[in-house]
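Here the structure comes first, spelled out in C-alpha cells, and everything after it is commentary.
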There are 2 protein chains.
Amino acid sequence: MTRRVGIHESVSELFPPAWFEEAFGGSEPTEKSGGKREIEIADVGGDLDALSGLEVCVTLACEEAFLESDLSWVHSVQAGVDRFPLDAFDEQGIALTNSEGIHGDVVGETVLGYLLTVARGLHRYRDAQGERRWSDPDWSALGTLNGERICVIGLGTLGQGVARRAEAFGMEVVGVRRTPTPVDGVREVYTPANLERAIEDSRFVVLCVPLIEETQELIGPEELAAMEKDAFLVNVARGAVVEERALVDALEAGEIAGAALDVFESEPLPEGSPLWEMEEVVISPHVAAAHEGYADRVAAIVRENLQRQERGKSFANRVV
Amino acid sequence: MTRRVGIHESVSELFPPAWFEEAFGGSEPTEKSGGKREIEIADVGGDLDALSGLEVCVTLACEEAFLESDLSWVHSVQAGVDRFPLDAFDEQGIALTNSEGIHGDVVGETVLGYLLTVARGLHRYRDAQGERRWSDPDWSALGTLNGERICVIGLGTLGQGVARRAEAFGMEVVGVRRTPTPVDGVREVYTPANLERAIEDSRFVVLCVPLIEETQELIGPEELAAMEKDAFLVNVARGAVVEERALVDALEAGEIAGAALDVFESEPLPEGSPLWEMEEVVISPHVAAAHEGYADRVAAIVRENLQRQERGKSFANRVV
C-alpha cells in the first residue's frame, strides 16, 4: 500500500522541501506494495484537496487548513511546537508529533563553537580579517574552556549534547532542570528555584530550554546582574531571555562580558538593534540546529511512526 | 640564595614581560634565602652588563649578545627554537631549553574552534553581522564534525591536544608522525612516506608539526590536489605549507573547500595577499597558543629547571 506523506511549503523557510524526496527515497517499489513506492511524497500548502488522503503532513508552520482538513496526523520538523494550537488539535483528534531528540549533536557542536569563539577571541580575528588587519590581540583576554565552569540551563537533548562536549573539554559542568535527577557529565543539577545559585559562579551560561510557559523570561535583569562580570551568555532557546533591551543594558553596564545569540524575540533581529554592533556579541540567524542531514533525521522519525501506525502502536515523539 | 632570572624585552611581542613578576611571585622571601626573594626578575635587552650574573635568560628572540655574554642558560618562551643558532649555542656551552608541552590544551581548543567554525559556517554569520544582515544560510553547506574523518599531521603535544578533542566529538581520527607507534584516540598512525594516503580521505587536515628540516614544505601542490574537494586545511605549524601561492591556487581551483590559517610564511601576512578576502579562508595572527596564563606555564618550566640545576640534575625540555 502506498502511503502519502505531505510536505508543507513552509518547510522551504529552512531547506528545499525536495530534500524529503531523497530522505524518504529508501522506500523503493517492492513486491509487497504491488510494485508501487511504499511512500509517496506530495507537496502541499493550504489547499484542502491536496491535504486530503495524506497519512501525515510534515510541516514547519501550522496552516489553518490543517484543522479543516481530514488530516489525522501532523508532524512538526522542529522540536518546538509553540506555533501549533495544541488544544484545537486535541479537540479535532489530530495527532501532533515533533522532531525532538535529533538535534543534540548539531546544537552541541554549534554551542561549543560559540564557546570556543568567545574564549579564544576568534570573532575578533574575523573582524580584523575583513579589514586586512593583522591584529595584535590582548593575551589577557584569551582564556580556555578547560577548567572553567559552565551552567547548562535545560538538560534535554540539546542541553545534554552541550554538557557532554563541555565535559570533554575539561569544563566543570553544572545544570538546571525541573527534575534534578543526575545527568551524565553534569556535576550538579539545580532546580529552577535555585537558578541564581547555579549561574552566579559560572563563566559560561547556556540556555537550552524548550519554549514552554515555565521557561519564558527565565533570564531577566536580576539574573544578568547575578552573573559574573567576565561571564558569557549563550542562547539557543526561544523566549528564555526576558527582552533584548535588558541584555543590551547588562552588556553596556559591564554586568556580563559578552554573548552568543542564535535566537531573538523578533526574528529577523531588527536592523536597528544595538546588538548588531556590539563587538562582544556574536549573532547567528537561528541556525544552531541547521544541518545538511536535517531532512533525513526528520524522515527517520516519520518513517518509524508510519511503521508504528501500521502495527497499531502508539507514536514516538507525540505531543498531542 | 637569590637567583636572578632575566626576562628579555622581545617577550613584549607576545605579552607584557611584567607578567613574569607575578608568575615567579610565588617565591616570597624565606628564611632559607636570608630574608631575600628566592627569585629576582630583571628586565634585559642586548646590554652585556645586564645579562651578566643571570641564572637564565627567558626570551622570545635570540639576541646576538647572548653569545657574547657569560650566560650559561637561555629559555625560549616558545616550543619552536628555529630562531636560535643551535650550533653556536652548543659551541659556547650555553644550554637552551624550550616551552614544549604546555600548549596542548590551548592549541587543541583553538583548532577545534576553527573546525567548528568552518563545519558550522560560523565565520559567515560574523561577516553578515558586520553588515547588520540576517543571513539565510544554505543548509546543504552545514555539516558536523561528528562522523567526519580528520588527519592530524604531527602527533606531539599539539597534535595530541587536537586528536583527543576531535575524538570526543565523534570524529574518526588518523594521524601522521615519524614513528608510527599507537597514540590514544588515533585510529591509524601513518608515516610521512604515506602522507598522501593519510590525507586523501580526510575531511579535515590539521598541521601541528614543529618547524624542523623534515617538516618544511610538507604540504605542496601535489598534496593539496590529493585532498578531497570538500576538505578543509587547518595550519598552526610554521613552514609546513610550501607557499601561500600554492594554497591560493588550490582554493581558487576548488581543489579544497577552505582553510583556517594561524601561521604564514611571512608574518604579518602582507596586506596584498589574496587570502585576506577569500570567504572560505579564516585567518588568525599566529595566536593558536596565546593565553592569559602563558607566563605562568613558562615560569613553571623554568622553576622546575632551577630546582633541577640546584640538585645537579639535567634540565627538562633541553634542546642544546
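Chains: A, B, ... in order of the C-alpha cells. Residues: from 1 per chain. Ligands: from 1, in order shown.
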
Please give chain A as a compact mmCIF listing (two decimals) with C-alpha atoms, in the first residue's frame, after it has been superposed on chain B by least squares over all Cα atoms paired in order.
# COMPACT_ATOMS: atom_id res chain seq x y z
CA MET A 1 70.42 32.49 47.70
CA THR A 2 68.63 34.85 45.36
CA ARG A 3 68.71 33.68 41.77
CA ARG A 4 68.33 36.21 39.00
CA VAL A 5 66.04 35.42 36.08
CA GLY A 6 66.35 37.76 33.13
CA ILE A 7 63.29 38.48 31.00
CA HIS A 8 64.31 39.65 27.53
CA GLU A 9 62.45 42.60 26.05
CA SER A 10 61.44 40.54 22.97
CA VAL A 11 58.82 38.82 25.14
CA SER A 12 56.80 42.03 24.83
CA GLU A 13 55.93 40.97 21.26
CA LEU A 14 53.61 38.44 22.91
CA PHE A 15 52.58 39.82 26.29
CA PRO A 16 53.83 42.29 28.93
CA PRO A 17 57.15 40.97 30.33
CA ALA A 18 55.90 42.16 33.73
CA TRP A 19 53.61 39.10 33.76
CA PHE A 20 56.69 37.13 34.80
CA GLU A 21 56.93 39.17 38.00
CA GLU A 22 53.69 37.61 39.13
CA ALA A 23 54.38 34.25 37.53
CA PHE A 24 57.57 33.92 39.61
CA GLY A 25 56.01 35.76 42.54
CA GLY A 26 55.36 32.59 44.46
CA SER A 27 58.96 32.81 45.59
CA GLU A 28 58.49 35.19 48.49
CA PRO A 29 61.40 35.94 50.84
CA THR A 30 62.11 32.92 53.04
CA GLU A 31 64.37 32.27 55.99
CA LYS A 32 66.39 29.87 53.90
CA SER A 33 67.14 32.65 51.43
CA GLY A 34 68.15 34.98 54.26
CA GLY A 35 65.02 37.11 54.00
CA LYS A 36 65.56 37.73 50.31
CA ARG A 37 63.35 36.66 47.42
CA GLU A 38 64.51 33.34 46.04
CA ILE A 39 63.95 34.55 42.50
CA GLU A 40 64.60 38.07 41.32
CA ILE A 41 63.36 39.25 37.96
CA ALA A 42 65.51 41.50 35.76
CA ASP A 43 64.39 43.12 32.52
CA VAL A 44 67.15 42.71 29.97
CA GLY A 45 67.90 43.58 26.35
CA GLY A 46 71.16 43.43 24.45
CA ASP A 47 73.26 45.08 27.16
CA LEU A 48 76.06 42.75 28.32
CA ASP A 49 76.20 44.14 31.84
CA ALA A 50 72.51 43.43 32.37
CA LEU A 51 72.94 39.88 31.09
CA SER A 52 75.83 39.27 33.46
CA GLY A 53 75.13 37.21 36.55
CA LEU A 54 71.81 35.85 35.33
CA GLU A 55 70.92 32.29 36.14
CA VAL A 56 68.83 32.11 33.00
CA CYS A 57 67.54 34.46 30.34
CA VAL A 58 63.90 33.89 29.31
CA THR A 59 63.31 35.13 25.80
CA LEU A 60 61.32 35.04 22.58
CA ALA A 61 64.09 36.16 20.20
CA CYS A 62 67.75 35.27 20.14
CA GLU A 63 69.84 38.33 20.91
CA GLU A 64 73.38 38.28 19.49
CA ALA A 65 74.66 39.47 22.85
CA PHE A 66 73.62 36.12 24.38
CA LEU A 67 76.61 34.52 22.70
CA GLU A 68 79.02 37.21 23.87
CA SER A 69 77.72 37.24 27.43
CA ASP A 70 78.57 34.95 30.33
CA LEU A 71 75.10 33.37 30.12
CA SER A 72 75.07 29.62 30.62
CA TRP A 73 71.37 29.04 30.04
CA VAL A 74 68.69 30.53 27.77
CA HIS A 75 65.01 29.56 27.89
CA SER A 76 62.76 30.02 24.84
CA VAL A 77 59.16 31.03 25.65
CA GLN A 78 58.07 29.16 22.52
CA ALA A 79 58.27 25.48 21.72
CA GLY A 80 59.93 26.22 18.38
CA VAL A 81 63.62 27.16 18.58
CA ASP A 82 64.20 27.89 14.90
CA ARG A 83 65.23 31.44 15.84
CA PHE A 84 68.25 30.12 17.74
CA PRO A 85 71.69 29.17 16.27
CA LEU A 86 71.83 25.74 17.92
CA ASP A 87 75.41 24.98 16.83
CA ALA A 88 76.72 28.25 18.22
CA PHE A 89 74.93 27.61 21.53
CA ASP A 90 76.48 24.17 21.62
CA GLU A 91 79.97 25.50 20.90
CA GLN A 92 79.70 28.19 23.57
CA GLY A 93 78.33 25.69 26.07
CA ILE A 94 75.10 27.61 26.55
CA ALA A 95 72.15 25.41 27.44
CA LEU A 96 68.93 26.08 25.54
CA THR A 97 65.58 24.92 26.93
CA ASN A 98 62.17 25.43 25.31
CA SER A 99 58.49 25.64 26.24
CA GLU A 100 57.26 22.47 24.64
CA GLY A 101 54.47 20.55 26.32
CA ILE A 102 52.44 23.43 27.72
CA HIS A 103 50.26 24.36 24.72
CA GLY A 104 48.31 21.18 24.05
CA ASP A 105 45.04 22.29 25.60
CA VAL A 106 45.16 25.88 24.33
CA VAL A 107 46.09 24.93 20.75
CA GLY A 108 43.68 21.97 20.90
CA GLU A 109 40.87 24.37 21.77
CA THR A 110 41.85 26.89 19.11
CA VAL A 111 41.96 24.20 16.42
CA LEU A 112 38.60 22.71 17.47
CA GLY A 113 37.24 26.26 17.42
CA TYR A 114 38.33 26.55 13.79
CA LEU A 115 36.99 23.13 12.87
CA LEU A 116 33.59 24.02 14.35
CA THR A 117 33.70 27.44 12.69
CA VAL A 118 34.11 26.01 9.20
CA ALA A 119 31.85 22.96 9.73
CA ARG A 120 29.01 25.06 11.14
CA GLY A 121 29.66 28.15 8.98
CA LEU A 122 30.12 30.48 11.96
CA HIS A 123 32.52 32.80 10.10
CA ARG A 124 29.80 33.63 7.57
CA TYR A 125 27.40 34.72 10.31
CA ARG A 126 30.07 37.04 11.69
CA ASP A 127 30.53 38.56 8.22
CA ALA A 128 26.75 39.04 7.95
CA GLN A 129 26.63 40.59 11.43
CA GLY A 130 29.09 43.28 10.33
CA GLU A 131 26.58 44.26 7.66
CA ARG A 132 23.56 44.02 10.04
CA ARG A 133 22.38 41.28 7.72
CA TRP A 134 20.16 38.39 8.89
CA SER A 135 21.67 35.78 6.61
CA ASP A 136 19.80 32.90 5.08
CA PRO A 137 22.37 30.12 5.05
CA ASP A 138 22.52 27.26 2.58
CA TRP A 139 21.83 24.28 4.85
CA SER A 140 23.50 21.93 2.38
CA ALA A 141 26.83 23.52 3.34
CA LEU A 142 26.33 22.94 7.07
CA GLY A 143 27.78 19.72 8.42
CA THR A 144 29.07 18.48 11.73
CA LEU A 145 32.39 17.17 12.96
CA ASN A 146 30.60 14.05 14.24
CA GLY A 147 31.39 11.12 11.93
CA GLU A 148 33.91 13.02 9.80
CA ARG A 149 37.49 11.91 9.30
CA ILE A 150 40.34 14.15 10.48
CA CYS A 151 44.03 13.72 9.79
CA VAL A 152 46.34 15.27 12.37
CA ILE A 153 49.84 15.73 10.97
CA GLY A 154 52.30 15.82 13.81
CA LEU A 155 51.29 13.98 16.99
CA GLY A 156 53.34 15.79 19.62
CA THR A 157 51.81 17.86 22.40
CA LEU A 158 49.78 19.99 19.98
CA GLY A 159 48.62 17.17 17.74
CA GLN A 160 47.56 15.07 20.70
CA GLY A 161 45.69 18.05 22.13
CA VAL A 162 43.77 18.24 18.85
CA ALA A 163 43.30 14.47 18.45
CA ARG A 164 41.87 13.92 21.92
CA ARG A 165 39.25 16.65 21.47
CA ALA A 166 38.39 15.59 17.93
CA GLU A 167 37.71 12.06 19.17
CA ALA A 168 35.38 13.43 21.87
CA PHE A 169 33.35 14.98 19.02
CA GLY A 170 32.88 11.60 17.40
CA MET A 171 35.43 12.17 14.65
CA GLU A 172 37.44 9.38 13.05
CA VAL A 173 40.98 10.45 13.88
CA VAL A 174 44.01 9.39 11.89
CA GLY A 175 47.47 10.90 12.16
CA VAL A 176 50.95 11.19 10.74
CA ARG A 177 54.25 11.06 12.57
CA ARG A 178 57.76 9.83 12.02
CA THR A 179 57.47 6.96 14.49
CA PRO A 180 54.10 5.31 13.82
CA THR A 181 53.53 3.95 17.32
CA PRO A 182 49.94 3.98 18.64
CA VAL A 183 48.54 7.22 20.06
CA ASP A 184 45.47 7.42 22.35
CA GLY A 185 42.35 8.24 20.37
CA VAL A 186 44.07 7.97 16.98
CA ARG A 187 42.71 5.11 14.89
CA GLU A 188 45.62 4.85 12.49
CA VAL A 189 49.09 6.40 12.53
CA TYR A 190 50.84 6.84 9.16
CA THR A 191 54.47 7.69 8.48
CA PRO A 192 55.36 10.79 6.41
CA ALA A 193 56.09 8.43 3.48
CA ASN A 194 52.36 7.66 3.38
CA LEU A 195 51.22 11.26 3.81
CA GLU A 196 49.04 11.26 0.70
CA ARG A 197 47.19 8.15 1.80
CA ALA A 198 46.62 9.69 5.21
CA ILE A 199 45.09 12.89 3.87
CA GLU A 200 43.24 11.74 0.75
CA ASP A 201 40.05 10.61 2.51
CA SER A 202 40.05 13.17 5.31
CA ARG A 203 37.51 15.98 5.53
CA PHE A 204 39.86 17.93 7.80
CA VAL A 205 43.66 18.05 7.68
CA VAL A 206 45.43 19.74 10.58
CA LEU A 207 49.12 20.66 10.52
CA CYS A 208 50.68 20.54 13.99
CA VAL A 209 54.30 19.73 13.17
CA PRO A 210 57.28 21.55 14.70
CA LEU A 211 59.41 23.64 12.32
CA ILE A 212 62.32 21.34 11.60
CA GLU A 213 64.01 20.40 8.37
CA GLU A 214 61.84 17.32 7.71
CA THR A 215 58.56 19.17 8.14
CA GLN A 216 59.30 22.10 5.85
CA GLU A 217 57.13 22.33 2.77
CA LEU A 218 55.28 19.19 3.81
CA ILE A 219 52.13 20.32 2.03
CA GLY A 220 52.62 21.46 -1.56
CA PRO A 221 50.55 21.51 -4.76
CA GLU A 222 50.51 17.70 -5.05
CA GLU A 223 49.28 17.14 -1.51
CA LEU A 224 46.62 19.85 -1.91
CA ALA A 225 45.45 18.18 -5.13
CA ALA A 226 45.27 14.83 -3.32
CA MET A 227 42.85 16.21 -0.71
CA GLU A 228 39.08 15.87 -1.05
CA LYS A 229 37.28 18.72 -2.76
CA ASP A 230 35.21 19.35 0.37
CA ALA A 231 38.20 19.19 2.70
CA PHE A 232 39.48 21.94 4.98
CA LEU A 233 43.11 22.60 5.86
CA VAL A 234 43.95 23.96 9.31
CA ASN A 235 47.50 25.19 9.79
CA VAL A 236 49.11 26.04 13.12
CA ALA A 237 52.62 24.93 12.02
CA ARG A 238 55.30 27.27 10.71
CA GLY A 239 56.93 26.30 7.43
CA ALA A 240 54.77 23.26 6.77
CA VAL A 241 52.84 24.68 3.81
CA VAL A 242 55.09 25.09 0.77
CA GLU A 243 53.97 28.59 -0.10
CA GLU A 244 50.85 30.71 0.13
CA ARG A 245 50.59 30.98 -3.65
CA ALA A 246 50.07 27.19 -3.95
CA LEU A 247 47.32 27.40 -1.35
CA VAL A 248 45.59 30.28 -3.15
CA ASP A 249 45.77 28.31 -6.41
CA ALA A 250 44.28 25.19 -4.81
CA LEU A 251 41.46 27.21 -3.25
CA GLU A 252 40.72 29.05 -6.48
CA ALA A 253 40.74 25.77 -8.44
CA GLY A 254 38.33 24.25 -5.91
CA GLU A 255 40.79 21.50 -5.01
CA ILE A 256 39.94 22.07 -1.34
CA ALA A 257 36.91 23.75 0.24
CA GLY A 258 38.59 26.12 2.66
CA ALA A 259 41.27 26.75 5.24
CA ALA A 260 41.89 28.13 8.69
CA LEU A 261 45.37 29.60 8.87
CA ASP A 262 47.12 30.75 12.01
CA VAL A 263 50.69 30.96 10.67
CA PHE A 264 52.17 32.22 7.44
CA GLU A 265 55.42 32.25 5.53
CA SER A 266 55.75 35.95 6.14
CA GLU A 267 54.17 37.51 9.19
CA PRO A 268 52.26 39.73 9.33
CA LEU A 269 50.48 38.38 6.24
CA PRO A 270 51.07 41.04 3.55
CA GLU A 271 48.12 43.38 3.03
CA GLY A 272 48.09 42.42 -0.64
CA SER A 273 47.60 38.68 -0.07
CA PRO A 274 44.49 37.29 -1.81
CA LEU A 275 43.91 35.10 1.27
CA TRP A 276 42.48 38.03 3.25
CA GLU A 277 39.43 38.28 1.03
CA MET A 278 38.64 34.61 0.50
CA GLU A 279 35.40 33.98 2.36
CA GLU A 280 36.29 30.32 2.84
CA VAL A 281 39.62 31.18 4.47
CA VAL A 282 39.72 32.04 8.16
CA ILE A 283 42.81 33.97 9.24
CA SER A 284 44.26 34.49 12.70
CA PRO A 285 47.50 36.29 13.61
CA HIS A 286 49.64 33.39 14.93
CA VAL A 287 47.76 33.14 18.21
CA ALA A 288 46.79 29.46 18.47
CA ALA A 289 48.74 29.23 21.75
CA ALA A 290 48.01 32.77 23.03
CA HIS A 291 46.68 32.61 26.58
CA GLU A 292 46.30 34.72 29.70
CA GLY A 293 48.18 32.03 31.66
CA TYR A 294 51.10 31.74 29.23
CA ALA A 295 53.72 33.32 31.52
CA ASP A 296 52.66 31.10 34.43
CA ARG A 297 53.20 27.98 32.38
CA VAL A 298 56.60 29.10 31.09
CA ALA A 299 57.59 30.05 34.63
CA ALA A 300 56.65 26.56 35.83
CA ILE A 301 59.18 25.02 33.44
CA VAL A 302 61.91 27.50 34.39
CA ARG A 303 61.24 27.00 38.09
CA GLU A 304 61.44 23.22 37.70
CA ASN A 305 64.78 23.60 35.94
CA LEU A 306 66.13 25.98 38.57
CA GLN A 307 65.41 23.27 41.13
CA ARG A 308 66.98 20.61 38.94
CA GLN A 309 70.05 22.78 38.53
CA GLU A 310 70.34 23.20 42.27
CA ARG A 311 70.22 19.44 42.71
CA GLY A 312 72.70 18.80 39.89
CA LYS A 313 70.05 17.09 37.74
CA SER A 314 69.74 17.52 33.99
CA PHE A 315 67.29 20.04 32.56
CA ALA A 316 63.78 19.22 31.38
CA ASN A 317 62.95 20.46 27.85
CA ARG A 318 66.61 20.79 26.94
CA VAL A 319 67.27 21.38 23.25
CA VAL A 320 71.04 22.08 23.37

Backbone DSSP call of alpha helix (DSSP H) for stretch 150-301 of chain B, listed as a ChimeraX atom specification: /B:157-168,195-199,221-226,244-252,294-301

In stretch 148-290 of chain A, DSSP strand (DSSP E or B) residues written as a PyMOL selection string: chain A and resi 149-153+172-176+188-190+204-207+219+232-235+241+258-261+281-283

Export of the given selection (N, CA and C atoms) as a PDB file, in the first residue's frame:
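Wrote it out as again22.pdb, contents follow:
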ATOM      1  N   ARG A 149      33.886  26.931  34.607  1.00  0.00           N
ATOM      2  CA  ARG A 149      32.579  26.389  34.987  1.00  0.00           C
ATOM      3  C   ARG A 149      31.520  26.821  33.967  1.00  0.00           C
ATOM      4  N   ILE A 150      30.677  25.887  33.578  1.00  0.00           N
ATOM      5  CA  ILE A 150      29.589  26.178  32.645  1.00  0.00           C
ATOM      6  C   ILE A 150      28.280  25.714  33.263  1.00  0.00           C
ATOM      7  N   CYS A 151      27.256  26.549  33.116  1.00  0.00           N
ATOM      8  CA  CYS A 151      25.926  26.179  33.599  1.00  0.00           C
ATOM      9  C   CYS A 151      25.010  25.992  32.388  1.00  0.00           C
ATOM     10  N   VAL A 152      24.505  24.786  32.224  1.00  0.00           N
ATOM     11  CA  VAL A 152      23.621  24.480  31.103  1.00  0.00           C
ATOM     12  C   VAL A 152      22.186  24.475  31.613  1.00  0.00           C
ATOM     13  N   ILE A 153      21.399  25.437  31.154  1.00  0.00           N
ATOM     14  CA  ILE A 153      20.018  25.548  31.628  1.00  0.00           C
ATOM     15  C   ILE A 153      19.108  24.819  30.652  1.00  0.00           C
ATOM     16  N   GLU A 172      33.932  22.331  34.143  1.00  0.00           N
ATOM     17  CA  GLU A 172      33.129  21.909  35.284  1.00  0.00           C
ATOM     18  C   GLU A 172      31.685  22.212  34.915  1.00  0.00           C
ATOM     19  N   VAL A 173      30.907  21.166  34.686  1.00  0.00           N
ATOM     20  CA  VAL A 173      29.552  21.348  34.165  1.00  0.00           C
ATOM     21  C   VAL A 173      28.523  21.264  35.281  1.00  0.00           C
ATOM     22  N   VAL A 174      27.707  22.306  35.414  1.00  0.00           N
ATOM     23  CA  VAL A 174      26.529  22.227  36.275  1.00  0.00           C
ATOM     24  C   VAL A 174      25.319  22.510  35.382  1.00  0.00           C
ATOM     25  N   GLY A 175      24.122  22.194  35.893  1.00  0.00           N
ATOM     26  CA  GLY A 175      22.953  22.371  35.047  1.00  0.00           C
ATOM     27  C   GLY A 175      21.713  22.700  35.843  1.00  0.00           C
ATOM     28  N   VAL A 176      20.674  23.061  35.103  1.00  0.00           N
ATOM     29  CA  VAL A 176      19.384  23.381  35.726  1.00  0.00           C
ATOM     30  C   VAL A 176      18.291  22.627  34.977  1.00  0.00           C
ATOM     31  N   GLU A 188      26.523  18.931  39.060  1.00  0.00           N
ATOM     32  CA  GLU A 188      25.452  19.295  39.984  1.00  0.00           C
ATOM     33  C   GLU A 188      24.236  19.765  39.185  1.00  0.00           C
ATOM     34  N   VAL A 189      23.067  19.267  39.547  1.00  0.00           N
ATOM     35  CA  VAL A 189      21.847  19.658  38.849  1.00  0.00           C
ATOM     36  C   VAL A 189      20.973  20.476  39.809  1.00  0.00           C
ATOM     37  N   TYR A 190      20.693  21.714  39.452  1.00  0.00           N
ATOM     38  CA  TYR A 190      19.864  22.603  40.268  1.00  0.00           C
ATOM     39  C   TYR A 190      18.437  22.627  39.721  1.00  0.00           C
ATOM     40  N   PHE A 204      30.358  30.534  31.882  1.00  0.00           N
ATOM     41  CA  PHE A 204      29.501  30.422  30.701  1.00  0.00           C
ATOM     42  C   PHE A 204      28.120  29.940  31.126  1.00  0.00           C
ATOM     43  N   VAL A 205      27.091  30.592  30.623  1.00  0.00           N
ATOM     44  CA  VAL A 205      25.710  30.185  30.898  1.00  0.00           C
ATOM     45  C   VAL A 205      25.034  29.933  29.553  1.00  0.00           C
ATOM     46  N   VAL A 206      24.527  28.711  29.379  1.00  0.00           N
ATOM     47  CA  VAL A 206      23.939  28.332  28.090  1.00  0.00           C
ATOM     48  C   VAL A 206      22.468  28.011  28.276  1.00  0.00           C
ATOM     49  N   LEU A 207      21.626  28.662  27.482  1.00  0.00           N
ATOM     50  CA  LEU A 207      20.177  28.446  27.560  1.00  0.00           C
ATOM     51  C   LEU A 207      19.724  27.466  26.496  1.00  0.00           C
ATOM     52  N   ILE A 219      15.590  34.417  32.032  1.00  0.00           N
ATOM     53  CA  ILE A 219      16.723  35.292  32.305  1.00  0.00           C
ATOM     54  C   ILE A 219      16.293  36.745  32.110  1.00  0.00           C
ATOM     55  N   PHE A 232      29.903  34.797  29.963  1.00  0.00           N
ATOM     56  CA  PHE A 232      29.283  34.870  28.639  1.00  0.00           C
ATOM     57  C   PHE A 232      27.956  34.117  28.653  1.00  0.00           C
ATOM     58  N   LEU A 233      26.962  34.708  27.990  1.00  0.00           N
ATOM     59  CA  LEU A 233      25.657  34.061  27.858  1.00  0.00           C
ATOM     60  C   LEU A 233      25.531  33.513  26.431  1.00  0.00           C
ATOM     61  N   VAL A 234      25.124  32.263  26.323  1.00  0.00           N
ATOM     62  CA  VAL A 234      24.883  31.668  25.003  1.00  0.00           C
ATOM     63  C   VAL A 234      23.413  31.274  24.955  1.00  0.00           C
ATOM     64  N   ASN A 235      22.698  31.775  23.962  1.00  0.00           N
ATOM     65  CA  ASN A 235      21.261  31.490  23.916  1.00  0.00           C
ATOM     66  C   ASN A 235      20.840  30.805  22.623  1.00  0.00           C
ATOM     67  N   VAL A 241      15.098  34.573  27.226  1.00  0.00           N
ATOM     68  CA  VAL A 241      15.655  35.839  27.696  1.00  0.00           C
ATOM     69  C   VAL A 241      14.537  36.871  27.680  1.00  0.00           C
ATOM     70  N   GLY A 258      29.957  39.199  27.542  1.00  0.00           N
ATOM     71  CA  GLY A 258      29.579  39.041  26.142  1.00  0.00           C
ATOM     72  C   GLY A 258      28.489  38.009  25.984  1.00  0.00           C
ATOM     73  N   ALA A 259      28.077  37.792  24.732  1.00  0.00           N
ATOM     74  CA  ALA A 259      27.005  36.838  24.474  1.00  0.00           C
ATOM     75  C   ALA A 259      27.099  36.289  23.069  1.00  0.00           C
ATOM     76  N   ALA A 260      26.620  35.066  22.911  1.00  0.00           N
ATOM     77  CA  ALA A 260      26.448  34.480  21.588  1.00  0.00           C
ATOM     78  C   ALA A 260      24.971  34.150  21.479  1.00  0.00           C
ATOM     79  N   LEU A 261      24.304  34.762  20.514  1.00  0.00           N
ATOM     80  CA  LEU A 261      22.852  34.693  20.450  1.00  0.00           C
ATOM     81  C   LEU A 261      22.397  34.102  19.121  1.00  0.00           C
ATOM     82  N   VAL A 281      29.330  40.671  21.192  1.00  0.00           N
ATOM     83  CA  VAL A 281      28.129  39.875  20.937  1.00  0.00           C
ATOM     84  C   VAL A 281      28.264  39.187  19.579  1.00  0.00           C
ATOM     85  N   VAL A 282      28.045  37.885  19.577  1.00  0.00           N
ATOM     86  CA  VAL A 282      28.151  37.100  18.349  1.00  0.00           C
ATOM     87  C   VAL A 282      26.730  36.676  17.965  1.00  0.00           C
ATOM     88  N   ILE A 283      26.329  37.024  16.747  1.00  0.00           N
ATOM     89  CA  ILE A 283      24.946  36.800  16.333  1.00  0.00           C
ATOM     90  C   ILE A 283      24.863  35.787  15.204  1.00  0.00           C
TER      91      ILE A 283
END
